[in-house]
>>> print(open('target-v7.pdb').read())   # PDB, C-alpha atoms
MODEL        1
ATOM      1  CA  MET W 267       0.000   0.000   0.000  1.00  0.00           C
ATOM      2  CA  GLN W 268       1.178   3.521  -0.728  1.00  0.00           C
ATOM      3  CA  ASN W 269       1.440   5.820   2.229  1.00  0.00           C
ATOM      4  CA  ASN W 270       1.285   9.137   0.360  1.00  0.00           C
ATOM      5  CA  ILE W 271      -2.083   9.982   1.955  1.00  0.00           C
ATOM      6  CA  PHE W 272      -0.168  10.187   5.265  1.00  0.00           C
ATOM      7  CA  SER W 273       1.184  13.704   4.961  1.00  0.00           C
ATOM      8  CA  GLY W 274       2.581  13.967   8.501  1.00  0.00           C
ATOM      9  CA  LEU W 275       6.208  13.676   9.504  1.00  0.00           C
ATOM     10  CA  PHE W 276       6.039  10.284  11.183  1.00  0.00           C
ATOM     11  CA  VAL W 277       2.587   9.147  12.362  1.00  0.00           C
ATOM     12  CA  GLY W 278       1.364   6.588   9.840  1.00  0.00           C
ATOM     13  CA  GLN W 279       4.512   6.565   7.722  1.00  0.00           C
ATOM     14  CA  ASN W 280       5.137   3.020   8.969  1.00  0.00           C
ATOM     15  CA  LEU W 281       1.751   1.332   8.496  1.00  0.00           C
ATOM     16  CA  LEU W 282       1.042  -2.341   9.016  1.00  0.00           C
ATOM     17  CA  SER W 283      -2.388  -3.531   7.892  1.00  0.00           C
ATOM     18  CA  LEU W 284      -3.680  -6.829   9.296  1.00  0.00           C
ATOM     19  CA  LYS W 285      -6.662  -8.946   8.317  1.00  0.00           C
ATOM     20  CA  GLU W 286      -7.379 -10.166  11.851  1.00  0.00           C
ATOM     21  CA  VAL W 287      -5.751  -9.780  15.257  1.00  0.00           C
ATOM     22  CA  ASP W 288      -6.775 -10.218  18.903  1.00  0.00           C
ATOM     23  CA  SER W 289      -6.118  -6.543  19.549  1.00  0.00           C
ATOM     24  CA  THR W 290      -3.929  -4.012  17.754  1.00  0.00           C
ATOM     25  CA  ASN W 291      -2.663  -2.782  21.134  1.00  0.00           C
ATOM     26  CA  ASN W 292      -1.494  -6.297  22.034  1.00  0.00           C
ATOM     27  CA  PHE W 293       0.129  -6.716  18.613  1.00  0.00           C
ATOM     28  CA  LEU W 294       2.045  -3.452  19.067  1.00  0.00           C
ATOM     29  CA  LYS W 295       3.086  -4.408  22.611  1.00  0.00           C
ATOM     30  CA  ASN W 296       4.484  -7.685  21.301  1.00  0.00           C
ATOM     31  CA  LEU W 297       6.390  -5.832  18.589  1.00  0.00           C
ATOM     32  CA  LEU W 298       7.963  -3.615  21.238  1.00  0.00           C
ATOM     33  CA  THR W 299       9.215  -6.594  23.233  1.00  0.00           C
ATOM     34  CA  ASN W 300      11.179  -7.853  20.215  1.00  0.00           C
ATOM     35  CA  SER W 301      14.763  -6.679  19.983  1.00  0.00           C
ATOM     36  CA  LYS W 302      14.277  -4.760  16.734  1.00  0.00           C
ATOM     37  CA  PRO W 303      13.325  -1.110  17.414  1.00  0.00           C
ATOM     38  CA  VAL W 304       9.874   0.021  16.302  1.00  0.00           C
ATOM     39  CA  PRO W 305       9.812   3.552  14.845  1.00  0.00           C
ATOM     40  CA  GLU W 306       7.707   6.201  16.538  1.00  0.00           C
ATOM     41  CA  GLY W 307       4.478   6.815  14.658  1.00  0.00           C
ATOM     42  CA  THR W 308       4.048   3.160  13.658  1.00  0.00           C
ATOM     43  CA  VAL W 309       0.368   2.367  13.025  1.00  0.00           C
ATOM     44  CA  ILE W 310      -1.169  -1.101  13.232  1.00  0.00           C
ATOM     45  CA  MET W 311      -4.543  -1.302  11.502  1.00  0.00           C
ATOM     46  CA  ALA W 312      -6.802  -4.370  11.596  1.00  0.00           C
ATOM     47  CA  GLU W 313      -9.877  -5.246   9.560  1.00  0.00           C
ATOM     48  CA  THR W 314     -11.171  -7.113  12.565  1.00  0.00           C
ATOM     49  CA  GLN W 315     -10.203  -7.566  16.220  1.00  0.00           C
ATOM     50  CA  PHE W 316     -11.553 -10.557  18.099  1.00  0.00           C
ATOM     51  CA  ALA W 317     -10.552  -9.217  21.522  1.00  0.00           C
ATOM     52  CA  GLY W 318     -10.790  -5.452  21.132  1.00  0.00           C
ATOM     53  CA  ARG W 319     -11.078  -3.639  24.451  1.00  0.00           C
ATOM     54  CA  GLY W 320     -12.365  -0.311  25.643  1.00  0.00           C
ATOM     55  CA  GLN W 321     -11.926   1.419  28.972  1.00  0.00           C
ATOM     56  CA  GLN W 322     -12.459  -0.782  32.066  1.00  0.00           C
ATOM     57  CA  ASN W 323     -12.130  -3.892  29.853  1.00  0.00           C
ATOM     58  CA  ASN W 324     -15.396  -3.199  28.035  1.00  0.00           C
ATOM     59  CA  LYS W 325     -15.612  -5.248  24.852  1.00  0.00           C
ATOM     60  CA  TRP W 326     -15.576  -3.281  21.595  1.00  0.00           C
ATOM     61  CA  HIS W 327     -18.180  -4.354  19.007  1.00  0.00           C
ATOM     62  CA  ALA W 328     -17.011  -3.842  15.437  1.00  0.00           C
ATOM     63  CA  GLU W 329     -18.127  -5.476  12.200  1.00  0.00           C
ATOM     64  CA  PRO W 330     -15.138  -6.681  10.146  1.00  0.00           C
ATOM     65  CA  GLY W 331     -13.981  -4.270   7.456  1.00  0.00           C
ATOM     66  CA  LYS W 332     -16.526  -1.566   8.264  1.00  0.00           C
ATOM     67  CA  ASN W 333     -14.880   0.377  11.056  1.00  0.00           C
ATOM     68  CA  LEU W 334     -11.518   1.738  12.103  1.00  0.00           C
ATOM     69  CA  THR W 335      -9.625  -0.323  14.667  1.00  0.00           C
ATOM     70  CA  PHE W 336      -5.986   0.679  14.931  1.00  0.00           C
ATOM     71  CA  SER W 337      -3.140   1.520  17.289  1.00  0.00           C
ATOM     72  CA  ILE W 338      -0.456   4.206  17.153  1.00  0.00           C
ATOM     73  CA  LEU W 339       2.952   4.031  18.834  1.00  0.00           C
ATOM     74  CA  LEU W 340       4.221   7.297  20.302  1.00  0.00           C
ATOM     75  CA  LYS W 341       7.296   7.961  22.425  1.00  0.00           C
ATOM     76  CA  PRO W 342       6.404  11.017  24.522  1.00  0.00           C
ATOM     77  CA  THR W 343       9.536  11.038  26.672  1.00  0.00           C
ATOM     78  CA  PHE W 344       9.105  14.826  26.973  1.00  0.00           C
ATOM     79  CA  LEU W 345       5.982  14.264  29.125  1.00  0.00           C
ATOM     80  CA  SER W 346       6.248  13.428  32.807  1.00  0.00           C
ATOM     81  CA  VAL W 347       4.020  10.845  34.459  1.00  0.00           C
ATOM     82  CA  THR W 348       1.912  13.689  35.907  1.00  0.00           C
ATOM     83  CA  GLU W 349       1.203  14.912  32.359  1.00  0.00           C
ATOM     84  CA  GLN W 350      -0.168  11.588  31.074  1.00  0.00           C
ATOM     85  CA  PHE W 351      -3.639  13.011  30.592  1.00  0.00           C
ATOM     86  CA  ASP W 352      -2.308  15.640  28.184  1.00  0.00           C
ATOM     87  CA  LEU W 353      -1.593  12.817  25.757  1.00  0.00           C
ATOM     88  CA  THR W 354      -5.216  11.659  26.148  1.00  0.00           C
ATOM     89  CA  ARG W 355      -6.323  15.212  25.362  1.00  0.00           C
ATOM     90  CA  ALA W 356      -4.099  15.466  22.283  1.00  0.00           C
ATOM     91  CA  VAL W 357      -5.267  12.151  20.809  1.00  0.00           C
ATOM     92  CA  SER W 358      -8.952  12.895  21.527  1.00  0.00           C
ATOM     93  CA  LEU W 359      -8.588  16.249  19.780  1.00  0.00           C
ATOM     94  CA  GLY W 360      -6.902  14.647  16.787  1.00  0.00           C
ATOM     95  CA  VAL W 361      -9.864  12.313  16.325  1.00  0.00           C
ATOM     96  CA  TYR W 362     -12.360  15.117  16.976  1.00  0.00           C
ATOM     97  CA  ASP W 363     -10.770  17.456  14.407  1.00  0.00           C
ATOM     98  CA  THR W 364     -10.972  14.716  11.782  1.00  0.00           C
ATOM     99  CA  LEU W 365     -14.675  13.986  12.274  1.00  0.00           C
ATOM    100  CA  CYS W 366     -15.960  17.501  13.034  1.00  0.00           C
ATOM    101  CA  PRO W 367     -15.841  18.749   9.407  1.00  0.00           C
ATOM    102  CA  ILE W 368     -17.945  15.706   8.449  1.00  0.00           C
ATOM    103  CA  LEU W 369     -20.371  15.653  11.392  1.00  0.00           C
ATOM    104  CA  GLY W 370     -20.544  19.213  12.725  1.00  0.00           C
ATOM    105  CA  SER W 371     -21.229  20.692  16.134  1.00  0.00           C
ATOM    106  CA  ALA W 372     -23.118  17.728  17.618  1.00  0.00           C
ATOM    107  CA  LEU W 373     -19.736  16.003  17.891  1.00  0.00           C
ATOM    108  CA  LYS W 374     -18.153  16.117  21.363  1.00  0.00           C
ATOM    109  CA  ILE W 375     -15.418  14.487  23.425  1.00  0.00           C
ATOM    110  CA  LYS W 376     -16.972  12.692  26.377  1.00  0.00           C
ATOM    111  CA  TRP W 377     -14.578  12.650  29.324  1.00  0.00           C
ATOM    112  CA  PRO W 378     -12.119  11.104  29.407  1.00  0.00           C
ATOM    113  CA  ASN W 379     -11.690  10.010  25.784  1.00  0.00           C
ATOM    114  CA  ASP W 380     -14.880   8.831  24.097  1.00  0.00           C
ATOM    115  CA  ILE W 381     -16.165  10.413  20.906  1.00  0.00           C
ATOM    116  CA  TYR W 382     -19.878  11.217  21.014  1.00  0.00           C
ATOM    117  CA  TYR W 383     -22.412  12.438  18.491  1.00  0.00           C
ATOM    118  CA  GLY W 384     -25.354  13.841  20.412  1.00  0.00           C
ATOM    119  CA  ASP W 385     -25.862  11.298  23.195  1.00  0.00           C
ATOM    120  CA  LYS W 386     -24.522   8.328  21.238  1.00  0.00           C
ATOM    121  CA  LYS W 387     -21.051   6.845  21.173  1.00  0.00           C
ATOM    122  CA  LEU W 388     -19.091   6.903  17.918  1.00  0.00           C
ATOM    123  CA  GLY W 389     -15.860   5.559  19.319  1.00  0.00           C
ATOM    124  CA  GLY W 390     -13.264   5.580  22.003  1.00  0.00           C
ATOM    125  CA  MET W 391      -9.674   4.866  22.801  1.00  0.00           C
ATOM    126  CA  LEU W 392      -7.476   2.935  25.165  1.00  0.00           C
ATOM    127  CA  ILE W 393      -4.058   4.443  25.891  1.00  0.00           C
ATOM    128  CA  GLU W 394      -1.485   2.202  27.550  1.00  0.00           C
ATOM    129  CA  ASN W 395       1.599   4.039  28.764  1.00  0.00           C
ATOM    130  CA  ILE W 396       4.914   2.306  29.434  1.00  0.00           C
ATOM    131  CA  LEU W 397       6.725   4.252  32.134  1.00  0.00           C
ATOM    132  CA  GLN W 398      10.419   4.617  32.878  1.00  0.00           C
ATOM    133  CA  GLY W 399      11.092   6.447  36.132  1.00  0.00           C
ATOM    134  CA  ASN W 400       8.871   9.530  36.059  1.00  0.00           C
ATOM    135  CA  GLN W 401       8.840   9.748  32.237  1.00  0.00           C
ATOM    136  CA  ILE W 402       6.565   8.112  29.674  1.00  0.00           C
ATOM    137  CA  LYS W 403       8.866   5.867  27.661  1.00  0.00           C
ATOM    138  CA  SER W 404       6.241   4.927  25.091  1.00  0.00           C
ATOM    139  CA  ALA W 405       2.490   5.043  24.609  1.00  0.00           C
ATOM    140  CA  ILE W 406       0.324   2.557  22.738  1.00  0.00           C
ATOM    141  CA  ILE W 407      -2.834   4.317  21.611  1.00  0.00           C
ATOM    142  CA  GLY W 408      -5.684   2.046  20.557  1.00  0.00           C
ATOM    143  CA  ILE W 409      -8.557   3.746  18.741  1.00  0.00           C
ATOM    144  CA  GLY W 410     -11.897   2.265  17.661  1.00  0.00           C
ATOM    145  CA  LEU W 411     -14.350   4.276  15.580  1.00  0.00           C
ATOM    146  CA  ASN W 412     -17.685   3.242  14.105  1.00  0.00           C
ATOM    147  CA  ILE W 413     -17.604   4.405  10.490  1.00  0.00           C
ATOM    148  CA  ASN W 414     -19.552   2.254   7.993  1.00  0.00           C
ATOM    149  CA  GLN W 415     -21.413  -0.126  10.305  1.00  0.00           C
ATOM    150  CA  ASP W 416     -25.223  -0.027   9.910  1.00  0.00           C
ATOM    151  CA  VAL W 417     -26.479  -2.254  12.700  1.00  0.00           C
ATOM    152  CA  PHE W 418     -25.264  -2.769  16.260  1.00  0.00           C
ATOM    153  CA  PRO W 419     -26.073  -5.571  18.718  1.00  0.00           C
ATOM    154  CA  ASP W 420     -28.698  -4.888  21.377  1.00  0.00           C
ATOM    155  CA  GLU W 421     -26.070  -4.660  24.106  1.00  0.00           C
ATOM    156  CA  ALA W 422     -24.468  -1.760  22.208  1.00  0.00           C
ATOM    157  CA  SER W 423     -27.697   0.259  22.207  1.00  0.00           C
ATOM    158  CA  ASN W 424     -25.816   3.519  22.772  1.00  0.00           C
ATOM    159  CA  ALA W 425     -23.608   3.102  19.693  1.00  0.00           C
ATOM    160  CA  THR W 426     -23.850   5.020  16.437  1.00  0.00           C
ATOM    161  CA  SER W 427     -21.710   5.322  13.327  1.00  0.00           C
ATOM    162  CA  VAL W 428     -20.857   7.925  10.707  1.00  0.00           C
ATOM    163  CA  LYS W 429     -22.965   5.914   8.244  1.00  0.00           C
ATOM    164  CA  GLN W 430     -25.988   5.830  10.547  1.00  0.00           C
ATOM    165  CA  ILE W 431     -25.754   9.615  10.872  1.00  0.00           C
ATOM    166  CA  LEU W 432     -25.031  10.559   7.242  1.00  0.00           C
ATOM    167  CA  HIS W 433     -26.300   7.478   5.332  1.00  0.00           C
ATOM    168  CA  LYS W 434     -23.182   7.081   3.231  1.00  0.00           C
ATOM    169  CA  ASP W 435     -19.948   5.112   3.290  1.00  0.00           C
ATOM    170  CA  TYR W 436     -16.560   6.682   3.909  1.00  0.00           C
ATOM    171  CA  ASP W 437     -13.064   5.613   2.905  1.00  0.00           C
ATOM    172  CA  LEU W 438     -11.530   4.137   6.061  1.00  0.00           C
ATOM    173  CA  ARG W 439      -7.923   4.758   4.990  1.00  0.00           C
ATOM    174  CA  LEU W 440      -8.553   8.417   4.217  1.00  0.00           C
ATOM    175  CA  ILE W 441     -10.103   8.934   7.660  1.00  0.00           C
ATOM    176  CA  LEU W 442      -7.214   7.009   9.242  1.00  0.00           C
ATOM    177  CA  ALA W 443      -4.665   9.199   7.432  1.00  0.00           C
ATOM    178  CA  GLU W 444      -6.435  12.369   8.560  1.00  0.00           C
ATOM    179  CA  ILE W 445      -6.557  11.160  12.183  1.00  0.00           C
ATOM    180  CA  CYS W 446      -2.827  10.378  12.076  1.00  0.00           C
ATOM    181  CA  ASN W 447      -2.056  13.838  10.695  1.00  0.00           C
ATOM    182  CA  ASN W 448      -4.206  15.593  13.313  1.00  0.00           C
ATOM    183  CA  VAL W 449      -2.939  13.501  16.233  1.00  0.00           C
ATOM    184  CA  GLU W 450       0.611  14.298  15.147  1.00  0.00           C
ATOM    185  CA  ALA W 451      -0.165  18.039  15.042  1.00  0.00           C
ATOM    186  CA  TYR W 452      -1.523  18.063  18.617  1.00  0.00           C
ATOM    187  CA  TYR W 453       1.318  15.810  19.774  1.00  0.00           C
ATOM    188  CA  LEU W 454       3.865  18.239  18.353  1.00  0.00           C
ATOM    189  CA  SER W 455       2.022  21.094  20.116  1.00  0.00           C
ATOM    190  CA  LEU W 456       2.576  19.266  23.413  1.00  0.00           C
ATOM    191  CA  LYS W 457       6.209  18.724  22.495  1.00  0.00           C
ATOM    192  CA  ALA W 458       6.577  22.447  21.779  1.00  0.00           C
ATOM    193  CA  GLY W 459       5.273  23.229  25.274  1.00  0.00           C
ATOM    194  CA  LYS W 460       1.819  24.453  24.189  1.00  0.00           C
ATOM    195  CA  ILE W 461       0.129  22.351  26.853  1.00  0.00           C
ATOM    196  CA  ASN W 462      -2.358  25.065  27.861  1.00  0.00           C
ATOM    197  CA  ASP W 463      -3.562  25.412  24.267  1.00  0.00           C
ATOM    198  CA  VAL W 464      -4.263  21.677  24.152  1.00  0.00           C
ATOM    199  CA  ARG W 465      -6.004  21.743  27.551  1.00  0.00           C
ATOM    200  CA  ASN W 466      -8.233  24.660  26.528  1.00  0.00           C
ATOM    201  CA  ALA W 467      -9.135  23.079  23.183  1.00  0.00           C
ATOM    202  CA  TYR W 468     -10.095  19.848  24.951  1.00  0.00           C
ATOM    203  CA  LEU W 469     -12.323  21.675  27.444  1.00  0.00           C
ATOM    204  CA  ASN W 470     -14.083  23.628  24.682  1.00  0.00           C
ATOM    205  CA  ARG W 471     -15.089  20.386  22.937  1.00  0.00           C
ATOM    206  CA  LEU W 472     -16.195  18.545  26.073  1.00  0.00           C
ATOM    207  CA  TYR W 473     -19.555  16.769  26.210  1.00  0.00           C
ATOM    208  CA  TRP W 474     -21.878  18.291  28.875  1.00  0.00           C
ATOM    209  CA  PHE W 475     -19.409  21.064  29.704  1.00  0.00           C
ATOM    210  CA  ASN W 476     -21.134  23.825  31.697  1.00  0.00           C
ATOM    211  CA  GLU W 477     -24.520  22.078  31.429  1.00  0.00           C
ATOM    212  CA  GLN W 478     -26.777  20.971  34.292  1.00  0.00           C
ATOM    213  CA  LYS W 479     -26.942  17.170  34.017  1.00  0.00           C
ATOM    214  CA  ARG W 480     -27.608  14.017  36.043  1.00  0.00           C
ATOM    215  CA  PHE W 481     -24.740  11.911  37.391  1.00  0.00           C
ATOM    216  CA  LYS W 482     -24.259   8.939  39.648  1.00  0.00           C
ATOM    217  CA  ALA W 483     -21.361   8.548  42.080  1.00  0.00           C
ATOM    218  CA  GLY W 484     -21.520   5.433  44.241  1.00  0.00           C
ATOM    219  CA  ASP W 485     -25.172   5.222  45.360  1.00  0.00           C
ATOM    220  CA  ASP W 486     -25.668   8.966  45.024  1.00  0.00           C
ATOM    221  CA  VAL W 487     -27.667  10.255  42.033  1.00  0.00           C
ATOM    222  CA  PHE W 488     -27.388  14.014  41.681  1.00  0.00           C
ATOM    223  CA  GLU W 489     -27.570  16.970  39.336  1.00  0.00           C
ATOM    224  CA  GLY W 490     -24.337  18.786  38.661  1.00  0.00           C
ATOM    225  CA  ILE W 491     -22.362  20.826  36.162  1.00  0.00           C
ATOM    226  CA  ILE W 492     -19.009  19.829  34.650  1.00  0.00           C
ATOM    227  CA  THR W 493     -16.863  22.901  35.250  1.00  0.00           C
ATOM    228  CA  GLY W 494     -13.449  21.607  34.279  1.00  0.00           C
ATOM    229  CA  VAL W 495     -10.861  18.865  34.103  1.00  0.00           C
ATOM    230  CA  LYS W 496      -7.837  18.908  36.408  1.00  0.00           C
ATOM    231  CA  ASP W 497      -4.341  18.844  34.908  1.00  0.00           C
ATOM    232  CA  ASN W 498      -4.079  15.182  35.947  1.00  0.00           C
ATOM    233  CA  GLY W 499      -7.362  14.338  34.208  1.00  0.00           C
ATOM    234  CA  LEU W 500      -9.809  14.242  37.127  1.00  0.00           C
ATOM    235  CA  LEU W 501     -13.288  15.490  36.217  1.00  0.00           C
ATOM    236  CA  VAL W 502     -14.549  18.525  38.142  1.00  0.00           C
ATOM    237  CA  VAL W 503     -18.311  18.582  38.798  1.00  0.00           C
ATOM    238  CA  GLN W 504     -20.084  21.336  40.698  1.00  0.00           C
ATOM    239  CA  GLN W 505     -22.992  20.241  42.867  1.00  0.00           C
ATOM    240  CA  ASN W 506     -24.773  23.141  44.569  1.00  0.00           C
ATOM    241  CA  ASP W 507     -21.912  25.091  46.152  1.00  0.00           C
ATOM    242  CA  ASN W 508     -19.417  22.218  46.193  1.00  0.00           C
ATOM    243  CA  GLU W 509     -16.909  21.238  43.536  1.00  0.00           C
ATOM    244  CA  ASN W 510     -15.948  17.563  43.577  1.00  0.00           C
ATOM    245  CA  THR W 511     -13.354  15.701  41.518  1.00  0.00           C
ATOM    246  CA  TYR W 512     -13.837  12.207  40.126  1.00  0.00           C
ATOM    247  CA  ASN W 513     -11.662   9.525  38.633  1.00  0.00           C
ATOM    248  CA  LEU W 514     -12.758   7.313  35.741  1.00  0.00           C
ATOM    249  CA  LYS W 515     -14.577   4.627  37.739  1.00  0.00           C
ATOM    250  CA  GLU W 516     -16.047   7.024  40.295  1.00  0.00           C
ATOM    251  CA  ILE W 517     -18.754   8.777  38.255  1.00  0.00           C
ATOM    252  CA  GLU W 518     -21.381   7.778  35.737  1.00  0.00           C
ATOM    253  CA  PHE W 519     -23.174  10.008  33.225  1.00  0.00           C
ATOM    254  CA  LEU W 520     -26.950   9.402  33.382  1.00  0.00           C
ATOM    255  CA  ASN W 521     -28.641   9.837  30.035  1.00  0.00           C
ATOM    256  CA  ASN W 522     -32.388   9.799  29.613  1.00  0.00           C
ATOM    257  CA  ILE W 523     -31.994   7.502  26.610  1.00  0.00           C
ATOM    258  CA  LYS W 524     -33.664   4.140  27.210  1.00  0.00           C
ATOM    259  CA  PRO W 525     -31.978   1.032  25.782  1.00  0.00           C
TER     260      PRO W 525
ENDMDL
END
>>> encode(input="target-v7.pdb", output="C-alpha cells")
Amino acid sequence: MQNNIFSGLFVGQNLLSLKEVDSTNNFLKNLLTNSKPVPEGTVIMAETQFAGRGQQNNKWHAEPGKNLTFSILLKPTFLSVTEQFDLTRAVSLGVYDTLCPILGSALKIKWPNDIYYGDKKLGGMLIENILQGNQIKSAIIGIGLNINQDVFPDEASNATSVKQILHKDYDLRLILAEICNNVEAYYLSLKAGKINDVRNAYLNRLYWFNEQKRFKAGDDVFEGIITGVKDNGLLVVQQNDNENTYNLKEIEFLNNIKP
C-alpha cells in the first residue's frame, strides 16, 4: 500500500495492515518486546479484532472491514508521568478534528476520551503508557471508531456510526490518514510546550461542559455541572456550592436515553 495519503512527519509513515488480530494494542506491545526497534508513529490497523477492548475492559463491538480499529505508537519522553492526561487530550482532539468537518457541532469528546455524536457513542480509545522512572517511555494508543457499520447488537444500544448519521460510506484509509495527521499536530504542540492550548481546546469540545446534568457517584444520584478537568485528568463537577473531583470509575453520566 502507498502511504502518500499520510502527509505527517512520522505518524502513519510506517503502516502495518492486518486482516485479523486479537487486539492491535497487544500486537504493538508484542512488537515492542522484540529486539528490533519500532519507529515512533508506527500504526497497526486491523480489519477485525476478536478481543478489542475499551476502557475498564469493556468489549468493543465492530463489524469486520466496516470500522476503524488501529493503534499508534508514540514515544512522549518529553511528558512526565503527571502529564499523562495531556496525551489523552491530544489524541482525543486529533480524532475530533478529523470527524468535526464531516459531522458538525453535535460532535463532542466525552470525558475522558470517548467520541460522542449527540448522546450516542461513535468511538473511544485505550491508551497504555509504558513508564520509565517519572517519564513516559512509550504510549500505545488504541482507537476504535464506528464508520460504515449499519447495525449494532442490542447490548451496544448507545452506539452510532458515521454511516448511521449521514447514510453514506466513507473511505476508512482516508479517515485514518487524517486522524494520524491531526494527532501528530496536537502531539507536536505538546512537544513544543503548548500544553495550555491543548487543555483549553479539549475543554471547549467537552460533552456536557457547563450544562446541568444528572450523574451517579456510588449510590448517590445528583444533578451537577461539569466545570473543568484537572491537569491530571480528574473530572470537576459542581454540585450546589461544592466542587468535587472524580476519577474514571467514580462517576457515571446518566442519560435519559432508554436502551
>>> closest_atom_pairs(input="target-v7.pdb", of="stretch 391-415 of chain W", to="stretch 360-368 of chain W", cutoff="12 Å", atoms="all atoms listed in the file", output="tab-separated table")
residue	atom	partner	partner_atom	distance
W:Met391	CA	W:Val361	CA	9.9
W:Ile407	CA	W:Val361	CA	11.9
W:Gly408	CA	W:Val361	CA	11.9
W:Ile409	CA	W:Val361	CA	9.0
W:Gly410	CA	W:Val361	CA	10.3
W:Leu411	CA	W:Val361	CA	9.2
W:Asn412	CA	W:Leu365	CA	11.3
W:Ile413	CA	W:Leu365	CA	10.2
>>> resolve_selection(input="target-v7.pdb", expression="the PyMOL selection byres ((chain W and resi 393) around 10)", output="list in words")
Asn291, Gly320, Gln321, Ser337, Ile338, Leu339, Gln350, Phe351, Leu353, Thr354, Val357, Asn379, Met391, Leu392, Glu394, Asn395, Ile396, Ala405, Ile406, Ile407, Gly408 and Ile409 of chain W
>>> axis_aligned_box(input="target-v7.pdb", around="stretch 294-311 of chain W", padding_each_side="5 Å", output="JSON")
{"center_x": 5.1, "center_y": -0.5, "center_z": 17.4, "size_x": 29.3, "size_y": 24.7, "size_z": 21.7}
>>> atom_distance(input="target-v7.pdb", atom1="atom CA of W:Leu438", atom2="atom CA of W:Lys457")
28.2 Å
>>> atom_distance(input="target-v7.pdb", atom1="atom CA of W:Trp474", atom2="atom CA of W:Ile461")
22.5 Å
>>> resolve_selection(input="target-v7.pdb", expression="the PyMOL selection byres ((chain W and resi 331) around 9)", output="list in words")
Lys285, Ala312, Glu313, Thr314, Ala328, Glu329, Pro330, Lys332, Asn333, Leu334, Asn414, Gln415 and Leu438 of chain W
>>> residues_around(input="target-v7.pdb", residues="W:Ile431", least_positions_apart="3", cutoff="9 Å", atoms="all atoms listed in the file", output="PyMOL selection string")
chain W and resi 369+383+426-428+434
>>> write_last_selection(input="target-v7.pdb", atoms="C-alpha atoms", output="PDB file, keeping the file's coordinate frame")
ATOM      1  CA  LEU W 369     -20.371  15.653  11.392  1.00  0.00           C
ATOM      2  CA  TYR W 383     -22.412  12.438  18.491  1.00  0.00           C
ATOM      3  CA  THR W 426     -23.850   5.020  16.437  1.00  0.00           C
ATOM      4  CA  SER W 427     -21.710   5.322  13.327  1.00  0.00           C
ATOM      5  CA  VAL W 428     -20.857   7.925  10.707  1.00  0.00           C
ATOM      6  CA  LYS W 434     -23.182   7.081   3.231  1.00  0.00           C
TER       7      LYS W 434
END
>>> residues_around(input="target-v7.pdb", residues="W:Lys376", least_positions_apart="3", cutoff="8 Å", atoms="only C-alpha atoms", output="list in words")
Asn379, Asp380, Ile381, Tyr382, Leu472, Tyr473 and Trp474 of chain W
>>> closest_atom_pairs(input="target-v7.pdb", of="stretch 371-457 of chain W", to="stretch 277-283 of chain W", cutoff="9 Å", atoms="only C-alpha atoms", output="JSON lines")
{"residue": "W:Leu442", "atom": "CA", "partner": "W:Gly278", "partner_atom": "CA", "distance": 8.6}
{"residue": "W:Ala443", "atom": "CA", "partner": "W:Gly278", "partner_atom": "CA", "distance": 7.0}
{"residue": "W:Cys446", "atom": "CA", "partner": "W:Val277", "partner_atom": "CA", "distance": 5.6}
{"residue": "W:Asn447", "atom": "CA", "partner": "W:Val277", "partner_atom": "CA", "distance": 6.8}
{"residue": "W:Val449", "atom": "CA", "partner": "W:Val277", "partner_atom": "CA", "distance": 8.0}
{"residue": "W:Glu450", "atom": "CA", "partner": "W:Val277", "partner_atom": "CA", "distance": 6.2}
>>> write_last_selection(input="target-v7.pdb", atoms="C-alpha atoms", output="mmCIF file, in the coordinates of the input")
data_model
loop_
_atom_site.group_PDB
_atom_site.id
_atom_site.type_symbol
_atom_site.label_atom_id
_atom_site.label_comp_id
_atom_site.auth_asym_id
_atom_site.auth_seq_id
_atom_site.Cartn_x
_atom_site.Cartn_y
_atom_site.Cartn_z
ATOM 1 C CA LEU W 442 -7.214 7.009 9.242
ATOM 2 C CA ALA W 443 -4.665 9.199 7.432
ATOM 3 C CA CYS W 446 -2.827 10.378 12.076
ATOM 4 C CA ASN W 447 -2.056 13.838 10.695
ATOM 5 C CA VAL W 449 -2.939 13.501 16.233
ATOM 6 C CA GLU W 450 0.611 14.298 15.147
#
>>> atom_distance(input="target-v7.pdb", atom1="atom CA of W:Leu520", atom2="atom CA of W:Lys482")
6.8 Å
>>> resolve_selection(input="target-v7.pdb", expression="the PyMOL selection byres ((chain W and resi 305) around 10)", output="ChimeraX atom specification")
/W:276-277,279-280,298,302-304,306-309,339-341
